[in-house]
Amino acid sequence: MKISNTASAVRVTLSPTEISDLQFVIEAAERAGHYMPARVPNIMAALTRSADDVRMKQAMKRAEKDRVTRIEQDRRARERQFMLGDRYSVMASRADYADASSDPDARQWVDLVFHEIMQRPLPDQYELRRDVWRVHVVQLDGGTLGAVVGGDCTQTADPAEIASVAEQLIARFEGRA
């Protein structure tokens, strides 16, 4: 509670809890038969509305903070980045993917949601993998991005598969080099 005097009035700042306490005291006084001026119910109604507004604003702030936290947690749960050795950067994103390549031996994984938004048809023979990791591997050259090693998808949503897919891509890349 904060109280300040002005030339013509007293200014009081009450928290919603303090308003509830004041309301309890006034209702108890009324039940005990004490006289209450006619304007007290109007004052209490105004205070109650104000307390409800404050509670709503607090709830909205908490909800927004929780929403931001959930978005960040979801992003972290769907993205991974790490180094394999000191030469390879591995990035993985979890989503639904489709192989958009018309060649069954070549894989061209696309995010299914993005592909649907773009309204592009998939080839007649395509593979669909739901809730898997799309793994990208890049070779670093002196701390900067060098050659693109390649990319592929895991078979399941298990994040432990990311490293093995990355290692297979690196082995294929090093075998070609």
# chains A, B, ... in the order shown; residues from 1 in each chain; ligands from 1
>>> residues_around(residues="Val25 (chain A)", least_positions_apart="5", cutoff="12 Å", atoms="only C-alpha atoms", output="PyMOL selection string")
chain A and resi 18-20+30-32+34+36+44
>>> atom_distance(atom1="CA of Pro41 (chain A)", atom2="CA of Lys57 (chain A)")
24.3 Å
>>> residues_around(residues="Ala171 (chain A)", least_positions_apart="6", cutoff="12 Å", atoms="only C-alpha atoms", output="CSV table (one decimal) with all heavy atoms, in the first residue's frame")
chain,number,residue,atom,x,y,z
A,88,TYR,N,33.9,-30.6,-38.7
A,88,TYR,CA,32.6,-30.7,-39.3
A,88,TYR,C,31.5,-30.1,-38.4
A,88,TYR,O,31.5,-30.4,-37.2
A,88,TYR,CB,32.3,-32.2,-39.5
A,88,TYR,CG,33.2,-32.8,-40.6
A,88,TYR,CD1,34.2,-33.6,-40.2
A,88,TYR,CD2,32.9,-32.6,-41.9
A,88,TYR,CE1,35.1,-34.2,-41.2
A,88,TYR,CE2,33.8,-33.1,-42.9
A,88,TYR,CZ,34.8,-33.9,-42.5
A,88,TYR,OH,35.6,-34.5,-43.5
A,137,VAL,N,25.4,-31.5,-42.8
A,137,VAL,CA,26.8,-31.5,-42.4
A,137,VAL,C,27.6,-30.6,-43.3
A,137,VAL,O,27.5,-30.7,-44.5
A,137,VAL,CB,27.4,-32.9,-42.4
A,137,VAL,CG1,28.9,-32.9,-41.9
A,137,VAL,CG2,26.6,-33.9,-41.5
A,149,VAL,N,29.0,-31.0,-47.0
A,149,VAL,CA,29.2,-32.5,-47.0
A,149,VAL,C,28.0,-33.2,-47.5
A,149,VAL,O,28.1,-34.1,-48.3
A,149,VAL,CB,29.6,-33.0,-45.6
A,149,VAL,CG1,29.7,-34.5,-45.5
A,149,VAL,CG2,30.9,-32.4,-45.1
A,150,GLY,N,26.8,-32.8,-47.1
A,150,GLY,CA,25.6,-33.4,-47.5
A,150,GLY,C,24.6,-33.4,-46.4
A,150,GLY,O,24.7,-32.8,-45.4
A,164,SER,N,25.1,-40.7,-36.0
A,164,SER,CA,25.4,-41.8,-36.9
A,164,SER,C,25.1,-41.4,-38.4
A,164,SER,O,25.9,-41.8,-39.3
A,164,SER,CB,24.7,-43.1,-36.6
A,164,SER,OG,23.3,-43.0,-36.8
A,165,VAL,N,24.0,-40.7,-38.6
A,165,VAL,CA,23.8,-40.2,-40.0
A,165,VAL,C,24.8,-39.2,-40.4
A,165,VAL,O,25.4,-39.3,-41.6
A,165,VAL,CB,22.3,-39.6,-40.1
A,165,VAL,CG1,22.2,-38.8,-41.4
A,165,VAL,CG2,21.3,-40.6,-39.9
A,177,ALA,N,36.6,-37.6,-51.7
A,177,ALA,CA,37.6,-36.6,-51.8
A,177,ALA,C,39.0,-37.2,-52.0
A,177,ALA,O,39.3,-38.2,-52.1
A,177,ALA,CB,37.7,-35.8,-50.5
>>> atom_distance(atom1="CA of Ala51 (chain A)", atom2="CA of Ile26 (chain A)")
16.1 Å
